[in-house]
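First the structure, in the form of structure tokens, and then the observations on it.
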Amino acid sequence: MLNKDRAGLYIHVPFCSSKCNYCDFNSYTGKIDHADNYFKSLKKEIELYKAELRHYIINTIFIGGGTPSVVNEQYILEILEKCRTEYNISENCEISIESNPGTLSNEKLKAYKNAGINRISIGLQAYQDKLLKYLGRCHSHKDFTESVKNAKSAGFENINGDIIFGIPGQSLGDWKETLDYLVSLGINHISAYSLKIEEETKFGRMEEQGSLVPVEDELDREMYHYAVDYLNENGLKQYEISNFAKEGYECKHNLIYWKCVDYLGLGAGAHSCLKNTRFSNQISIEGYIDYLNRGEKPLYEKNPLEFTDKMSEYMFLGLRLTAGVSGKEFYELFNRNMFTMYKDIFARLENKSLIKITGDTVKLTRLGLDLANQVFLEFV
Ligand code: SF4
């Protein structure tokens with residue numbers, strides 16, 4: 001049985017103060033008055049999974065969104081308390097919360113810290129206020145500086161900054177300035193994502209109407225390569241396609257996803273994978289609350305994960321990590337030799353210089369990191 005003892009917990013808080021132009025996450029504006037019912041429902045959901053989680057130790061909790069920091073901190077504290085009452089939370093559990101600049105007062109941060117939250121993720125996206133405005137963000141870079149300062153004085157040293165490259169109108173110089181700025185603030189973890197224009201977003205509609213032209217692939221890749229080199233030089237080692245950290249500050253919760261460890265997602269639209277079954281929750285806030293008011297699990301979809309799918313998933317998620325996938329670990333988990341199983345795929349990918357096999361380990365090459373989707377498709 002794969003990783004039977006440890007699991008991660010994801011808690012979704014779907015409220016935001018405004019909708020960013022690129023965002024297709026399950027987040028809502030103007031619904032904060034549902035917060036009271038929503039958090040009551042979360043407590044009920046926590047109780048409904050008590051039996052399933054009895055045999056697990058929770059090593060990581062990630063409170064994501066949406067913007068969890070827009071709601072009164074009391075809601076967050078009560079949810080963590082409820083998790084501690086109902087589940088086995090390890091003593092040194094990594095507990096992360098996502099936030100936006102401008103929503104982190106000193107009192108809130110102290111309350112988080114006292115409740116055992118030990119990692120804080122803050123969305124910057126870009127240094128230049130003109131780009132923040134274009135993205136539809138509701139803060140300036142000064143708000144971010146202030147939030148980092150407040151977080152540090154509240155005792156947080158495990159801080160992540162989220163940034164985006166490949167924004168229409170963003171120059172390579174702008175991108176370098178964003179990276180410089182984060183490094184100068186002494187941030188220990190950076191997530192850097194290439195902007196994806198999703199259909200159901202304001203940017204998606206703008207692209208359809210021709211008022212938004214995505215950046216050229218060449219510039220996008222130049223920005224990515226610059227970030228990889230620059231951050232590595234500054235002690236933030238790339239450990240996953242889009243994630244960089246100082247030693248010891250890698251996000252343990254995200255590693256759970258990439259290593260296919262079990263996790264339970266609570267809240268509207270949250271996804272879970274427990275005991276080889278994948279399931280997800282009702283997406284709307286109202287639908288989610290309705291199910292829990294009836295005392296039912298708020299399930300939307302539920303599918304068994306076949307053994308072969310699990311192995312493929314382990315490969316394409318594991319290859320996201322710069323450490324690659326080890327044949328020994330694969331064998332320990334699945335009792336199969338991955339070099340025999342994926343012999344043809346490996347040969348094809350090696351021929352295209354997308355992967356490199358060194359001893360017992362398979363890793364993406366630099367080209368493979370750029371064309372990761374091509375690699376992953378081979379395993380699907
Ligand atoms: S803050 Fe995050 S979740 Fe909320 S709208 Fe913006 S990108 Fe989406």
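A note on labels: chains of the structure tokens are A, B, ... as shown, every chain counts residues from 1, and ligands are counted from 1 in their shown order.
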
Selection: 10 Å around Asp174 in chain A, only C-alpha atoms, excl. self and same-chain fewer than 5 positions, as an mmCIF file with N, CA and C atoms, in the first residue's frame:
```cif
data_model
loop_
_atom_site.group_PDB
_atom_site.id
_atom_site.type_symbol
_atom_site.label_atom_id
_atom_site.label_comp_id
_atom_site.auth_asym_id
_atom_site.auth_seq_id
_atom_site.Cartn_x
_atom_site.Cartn_y
_atom_site.Cartn_z
ATOM 1 N N ALA A 126 3.926 40.519 -9.676
ATOM 2 C CA ALA A 126 4.888 41.355 -10.412
ATOM 3 C C ALA A 126 5.275 42.525 -9.515
ATOM 4 N N TYR A 127 6.453 43.068 -9.784
ATOM 5 C CA TYR A 127 6.924 44.211 -8.984
ATOM 6 C C TYR A 127 6.277 45.509 -9.463
ATOM 7 N N GLN A 128 6.088 45.629 -10.780
ATOM 8 C CA GLN A 128 5.634 46.894 -11.351
ATOM 9 C C GLN A 128 4.136 47.090 -11.130
ATOM 10 N N LEU A 131 1.849 46.594 -14.078
ATOM 11 C CA LEU A 131 1.519 45.200 -14.427
ATOM 12 C C LEU A 131 0.497 44.630 -13.439
ATOM 13 N N PHE A 165 5.412 35.223 -14.978
ATOM 14 C CA PHE A 165 6.125 35.807 -16.122
ATOM 15 C C PHE A 165 5.329 35.537 -17.402
ATOM 16 N N GLY A 169 3.073 42.794 -22.226
ATOM 17 C CA GLY A 169 3.555 44.116 -21.811
ATOM 18 C C GLY A 169 4.709 44.046 -20.814
ATOM 19 N N LEU A 179 12.414 39.671 -9.846
ATOM 20 C CA LEU A 179 13.239 38.658 -9.181
ATOM 21 C C LEU A 179 14.216 39.305 -8.190
ATOM 22 N N ASP A 180 14.841 40.389 -8.642
ATOM 23 C CA ASP A 180 15.774 41.134 -7.783
ATOM 24 C C ASP A 180 15.109 41.544 -6.480
ATOM 25 N N MET A 223 12.632 34.360 -20.156
ATOM 26 C CA MET A 223 12.326 34.768 -18.784
ATOM 27 C C MET A 223 12.495 33.585 -17.826
#
```

Closest atom pairs, residues of chain A within 10 Å of ligand 1, only C-alpha atoms and all ligand atoms, as a tab-separated table:
```
residue	atom	partner	partner_atom_place_in_ligand_line	distance
A:Val13	CA	ligand 1	3 (S)	9.2
A:Pro14	CA	ligand 1	3 (S)	7.4
A:Phe15	CA	ligand 1	4 (Fe)	7.1
A:Cys16	CA	ligand 1	4 (Fe)	4.7
A:Ser17	CA	ligand 1	4 (Fe)	7.2
A:Ser18	CA	ligand 1	5 (S)	5.9
A:Lys19	CA	ligand 1	5 (S)	3.8
A:Cys20	CA	ligand 1	6 (Fe)	4.2
A:Asn21	CA	ligand 1	5 (S)	7.6
A:Tyr22	CA	ligand 1	7 (S)	6.9
A:Cys23	CA	ligand 1	8 (Fe)	4.4
A:Asp24	CA	ligand 1	8 (Fe)	6.6
A:Phe25	CA	ligand 1	8 (Fe)	5.5
A:Asn26	CA	ligand 1	3 (S)	7.1
A:Ser27	CA	ligand 1	3 (S)	5.4
A:Tyr28	CA	ligand 1	5 (S)	7.3
A:Thr29	CA	ligand 1	5 (S)	7.9
A:Gly64	CA	ligand 1	3 (S)	8.6
A:Gly65	CA	ligand 1	3 (S)	5.5
A:Gly66	CA	ligand 1	3 (S)	3.7
A:Thr67	CA	ligand 1	4 (Fe)	5.5
A:Pro68	CA	ligand 1	3 (S)	9.2
A:Val70	CA	ligand 1	1 (S)	9.7
A:Glu98	CA	ligand 1	2 (Fe)	8.9
A:Ser99	CA	ligand 1	1 (S)	8.0
A:Asn100	CA	ligand 1	1 (S)	6.6
A:Pro101	CA	ligand 1	1 (S)	9.6
A:Ile122	CA	ligand 1	1 (S)	9.8
A:Gly123	CA	ligand 1	1 (S)	7.5
A:Leu124	CA	ligand 1	1 (S)	9.9
A:Gln125	CA	ligand 1	7 (S)	9.2
A:Leu135	CA	ligand 1	6 (Fe)	8.8
A:Gly136	CA	ligand 1	6 (Fe)	7.8
A:Arg137	CA	ligand 1	6 (Fe)	6.6
A:Cys138	CA	ligand 1	1 (S)	8.4
```

Expected answer as an NGL selection string: helix (DSSP H, G or I) residues in range 54-201 of chain A = :A and (68-70 or 73-86 or 106-114 or 129-135 or 141-153 or 172-184)

Please produce an output containing C-alpha atoms for each residue in the selection, written as a CSV table (one decimal), in the first residue's frame.
```csv
chain,number,residue,atom,x,y,z
A,68,PRO,CA,-7.8,32.7,3.0
A,69,SER,CA,-6.5,35.9,4.5
A,70,VAL,CA,-9.6,37.9,3.6
A,73,GLU,CA,-8.8,35.0,11.4
A,74,GLN,CA,-11.1,33.5,14.0
A,75,TYR,CA,-12.6,31.2,11.2
A,76,ILE,CA,-9.1,29.9,10.3
A,77,LEU,CA,-8.2,29.3,14.0
A,78,GLU,CA,-11.4,27.4,14.6
A,79,ILE,CA,-10.9,25.2,11.6
A,80,LEU,CA,-7.3,24.3,12.6
A,81,GLU,CA,-8.6,23.6,16.1
A,82,LYS,CA,-11.2,21.3,14.7
A,83,CYS,CA,-8.6,19.4,12.6
A,84,ARG,CA,-6.5,18.9,15.7
A,85,THR,CA,-9.5,17.6,17.6
A,86,GLU,CA,-10.7,15.1,14.9
A,106,ASN,CA,0.0,42.4,12.5
A,107,GLU,CA,-2.9,41.0,14.7
A,108,LYS,CA,-3.9,38.6,12.0
A,109,LEU,CA,-0.3,37.4,11.5
A,110,LYS,CA,0.2,36.9,15.3
A,111,ALA,CA,-3.0,35.0,15.5
A,112,TYR,CA,-1.9,32.7,12.7
A,113,LYS,CA,1.5,32.2,14.3
A,114,ASN,CA,-0.1,31.4,17.7
A,129,ASP,CA,2.4,48.5,-10.2
A,130,LYS,CA,1.3,49.0,-13.9
A,131,LEU,CA,1.5,45.2,-14.4
A,132,LEU,CA,-0.3,44.5,-11.2
A,133,LYS,CA,-3.1,46.8,-12.4
A,134,TYR,CA,-3.2,45.0,-15.8
A,135,LEU,CA,-3.5,41.7,-14.0
A,141,HIS,CA,4.4,46.1,-4.6
A,142,LYS,CA,4.6,48.4,-1.5
A,143,ASP,CA,1.8,46.4,0.1
A,144,PHE,CA,3.8,43.3,-0.5
A,145,THR,CA,6.9,44.8,1.1
A,146,GLU,CA,4.8,45.7,4.1
A,147,SER,CA,3.2,42.2,4.3
A,148,VAL,CA,6.6,40.5,4.3
A,149,LYS,CA,7.9,42.9,6.9
A,150,ASN,CA,4.8,42.2,9.1
A,151,ALA,CA,5.2,38.5,8.6
A,152,LYS,CA,8.8,38.5,9.6
A,153,SER,CA,8.2,40.6,12.7
A,172,LEU,CA,12.7,41.0,-19.6
A,173,GLY,CA,13.9,44.0,-17.6
A,174,ASP,CA,10.6,44.1,-15.6
A,175,TRP,CA,11.0,40.4,-14.9
A,176,LYS,CA,14.6,40.8,-13.7
A,177,GLU,CA,13.4,43.6,-11.5
A,178,THR,CA,10.7,41.4,-9.9
A,179,LEU,CA,13.2,38.7,-9.2
A,180,ASP,CA,15.8,41.1,-7.8
A,181,TYR,CA,13.2,42.6,-5.5
A,182,LEU,CA,12.1,39.2,-4.1
A,183,VAL,CA,15.7,38.2,-3.5
A,184,SER,CA,16.5,41.5,-1.8
```

Minimum-distance residue to Gly287 in chain A, chosen among A:Lys352, A:Glu207, A:His34, A:Glu218 (using only C-alpha atoms) = A:His34

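Among the candidate residues A:Phe379, A:Phe279, A:Tyr49, A:Tyr38, the one lying nearest to Leu305 in chain A is A:Phe279, with distances computed using only C-alpha atoms.
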
Measuring atom to atom with only C-alpha atoms, identify which of A:Asp220, A:Asp5, A:Asp33, A:Glu247 is nearest to Gln170 in chain A.
-> A:Asp220
